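Structure, as structure tokens:
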Amino acid sequence: VSTQSTWGPNQEKYCIMVMPYSLNWLSTVTGHDDRVWQLAWHPNGKVLASCSGDKTVRLWSSAGEDLQTFTQKAVLEGRHSKTIRSIAFSPDGSLLAVGSFDATISIYKATESGYTYMSTLEGHESEVKSVSFSRDGKKLASCSRDKTVWVWEQEAGGDFVCSSVLNGHTQDVKMVKWFPQCEMLLSCGYDDVINTWAFEDDDWGLKTSHKGHTSTVWSADFAPTGDLMASVSDDNTVRLWMDENPKDPGTFTCISTLSGFHIRSIYSCSWNADGNLLATGAGDDAITIFRLEKSTDSMVPYQLSCLENSKSAHDNDVNCVAFHPSENILASCGDDKAIKLWNVIADA
């Protein structure tokens with residue numbers, strides 16, 4: 001057991017334990033011809049989607065209940081002229097949204113034979129960086145290099161139309177995500193801030209702008225309950241945030257900042273289904289696993305303990321880490337064109 005320093009909300013220095021841990025490699029999946037940008041699990045946990053600079057989305061199916069081996073099920077291609085940067089399944093798996101550097105979003109619908117192209121959404125003036133479905137699947141959010149966040153609503157016929165354009169970022173918006181427990185949005189980006197958005201008085205508006213990171217915020221993820229959030233940045237830190245008032249969600253306080261676990265930009269973070277493990281992936285080719293623990297210090301109610309830092313998880317930048325929707329299986333992808341599956345096991 002070793003220790004690592006972390007900082008509290010008022011710059012108090014704490015020591016956290018680095019525990020023995022096992023990040024067990026299960027398999028490597030190949031097929032993309034360029035870097036793999038993002039992964040998305042189907043809600044049933046049996047299908048994994050990936051997108052790449054090769055302008056394709058690939059669907060991989062589990063060959064067994066152990067989730068160790070995945071084989072290519074389908075390739076979705078021909079709808080985008082540039083890199084596909086982001087993908088997202090709707091909560092029931094009936095829809096798949098695909099965001100591209102060509103400034104468009106394509107929507108696919110699940111059929112008996114797989115996913116069939118349904119429509120293309122246009123409006124962003126530059127690269128689409130992220131897409132995300134709401135809890136009921138009736139709304140889609142997207143963000144772009146054009147500094148905007150768009151909210152799309154599904155009409156009776158199934159088509160999505162833009163209902164609002166949100167202007168609150170001053171630079172490239174890297175990621176957008178719906179809250180897990182309510183109809184609110186989070187976005188983060190190149191302007192170093194994390195914004196939360198709420199629908200009030202018949203319109204979307206900025207709820208809170210969260211500052212703390214000193215460089216691009218690449219990604220953020222909510223713990224399943226929604227009252228905790230993790231964010232990762234170009235400043236090489238992981239921040240843990242807690243909602244100040246869960247009854248009026250959307251304003252978070254940073255309760256911990258962790259550094260020293262990655263030596264280059266951290267691009268992705270993902271909570272597991274139980275909300276007690278957090279994975280991060282970075283430009284140093286590494287994956288780090290943290291465990292959430294309650295703290296005895298009233299000023300810092302929760303802390304993150306580093307369980308493992310796998311320094312050569314990929315042969316190049318790790319662009320995305322994504323926990324399985326119900327199991328402690330982690331999927332990762334990177335600039336090495338590979339997708340890897342890992343079993344995450346804590347030592348007793």
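All residue names refer to the structure tokens as shown: chains lettered A, B, ... in order, residues numbered from 1 in each chain, ligands numbered from 1 in order.
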
Which residues of range 208-247 of chain A sit at most 6 Å from range 265-269 of chain A, using only C-alpha atoms? Give each one's shortest atom pair and distance in Å (one decimal place), in chain and ascending residue order, as a tab-separated table.
residue	atom	partner	partner_atom	distance
A:Trp218	CA	A:Tyr267	CA	5.3
A:Ser219	CA	A:Ser268	CA	5.4
A:Val232	CA	A:Ile266	CA	5.6
A:Ser233	CA	A:Ile266	CA	5.3
A:Asp234	CA	A:Ser265	CA	4.2
A:Asn236	CA	A:Ser265	CA	5.1

Generate the output file for the selected residues, N, CA, C and O atoms, as an mmCIF file, in the first residue's frame.
data_model
loop_
_atom_site.group_PDB
_atom_site.id
_atom_site.type_symbol
_atom_site.label_atom_id
_atom_site.label_comp_id
_atom_site.auth_asym_id
_atom_site.auth_seq_id
_atom_site.Cartn_x
_atom_site.Cartn_y
_atom_site.Cartn_z
ATOM 1 N N TRP A 218 -12.102 17.877 -20.902
ATOM 2 C CA TRP A 218 -12.412 16.947 -21.981
ATOM 3 C C TRP A 218 -13.661 16.124 -21.726
ATOM 4 O O TRP A 218 -14.392 15.776 -22.660
ATOM 5 N N SER A 219 -13.911 15.795 -20.486
ATOM 6 C CA SER A 219 -15.004 14.862 -20.211
ATOM 7 C C SER A 219 -15.478 15.012 -18.769
ATOM 8 O O SER A 219 -14.728 15.445 -17.888
ATOM 9 N N VAL A 232 -12.428 15.467 -15.993
ATOM 10 C CA VAL A 232 -11.011 15.283 -16.332
ATOM 11 C C VAL A 232 -10.607 16.325 -17.364
ATOM 12 O O VAL A 232 -11.436 16.806 -18.142
ATOM 13 N N SER A 233 -9.307 16.617 -17.388
ATOM 14 C CA SER A 233 -8.895 17.820 -18.100
ATOM 15 C C SER A 233 -7.505 17.713 -18.711
ATOM 16 O O SER A 233 -6.707 16.825 -18.395
ATOM 17 N N ASP A 234 -7.231 18.687 -19.561
ATOM 18 C CA ASP A 234 -5.910 18.874 -20.138
ATOM 19 C C ASP A 234 -4.894 19.311 -19.089
ATOM 20 O O ASP A 234 -3.690 19.299 -19.348
ATOM 21 N N ASN A 236 -4.282 17.638 -16.530
ATOM 22 C CA ASN A 236 -3.807 16.364 -15.966
ATOM 23 C C ASN A 236 -4.421 16.033 -14.605
ATOM 24 O O ASN A 236 -3.864 15.208 -13.873
#

- Task: Considering only C-alpha atoms, return as a PyMOL selection string whatever protein or nucleic-acid residues lie within 8 Å of His314 in chain A, sequence-local ones (same chain, fewer than 5 positions apart) excluded.
- Result: chain A and resi 285-286+333-334+336+338

Hey, can you spit out that residue selection with C-alpha atoms as a short mmCIF file (atom, residue, chain, number, x, y, z; two decimals), in the first residue's frame?
data_model
loop_
_atom_site.label_atom_id
_atom_site.label_comp_id
_atom_site.auth_asym_id
_atom_site.auth_seq_id
_atom_site.Cartn_x
_atom_site.Cartn_y
_atom_site.Cartn_z
CA ASP A 285 -1.49 5.57 -22.85
CA ALA A 286 -2.66 4.76 -19.31
CA CYS A 333 -10.14 2.53 -27.10
CA GLY A 334 -7.39 4.69 -28.46
CA ASP A 336 -3.71 2.59 -31.65
CA ALA A 338 -7.70 -0.99 -30.82
#

- Task: Would you please give, as a PyMOL selection string, all residues of range 96-271 of chain A that DSSP assigns to strand (DSSP E) based on the backbone?
- Result: chain A and resi 96-100+105-111+114-121+128-133+139-144+148-154+160-167+173-178+185-189+194-200+203-210+217-222+228-233+238-243+252-258+266-271

- Task: For range 162-176 of chain A, list every protein, DNA or RNA residue within 9 Å, evaluated using only C-alpha atoms, and leave out those in the same chain fewer than 6 positions away; present the list as a PyMOL selection string.
- Result: chain A and resi 121+123+128-132+141-154+185-191+193+195+197+203-206+209+216-220

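The residue that comes closest to Thr288 in chain A, out of A:Thr120, A:Ser22, A:Phe222, A:Thr69 and on the basis of only C-alpha atoms, is A:Ser22.
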
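Candidate residues A:Arg79, A:Lys311, A:Lys294, A:Lys139 were compared for distance to Thr116 in chain A, and the nearest is A:Arg79, using only C-alpha atoms.
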
- Item | Contacts of Thr28 in chain A at 9 Å (only C-alpha atoms; same-chain gap of 3+ positions) as number ranges by chain | A: 25, 69-70, 338-341

- Message: Show me, as a list in words, the residues that have an atom within 10 Å of Asp227 in chain A when counting only C-alpha atoms, minus same-chain residues fewer than 5 positions from it.
- Response: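 Final neighbour list, sorted by chain and number: Phe179, Pro180, Gln181, Phe222, Trp241, Met242, Asp243, Glu244, Asn245, Pro246, Lys247, Pro249, Gly250, Thr251 and Phe252 of chain A.
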
- Between A:Leu59, A:Leu278, A:Ile255, A:Leu76, which is the closest to Phe323 in chain A once you count only C-alpha atoms? A:Leu278
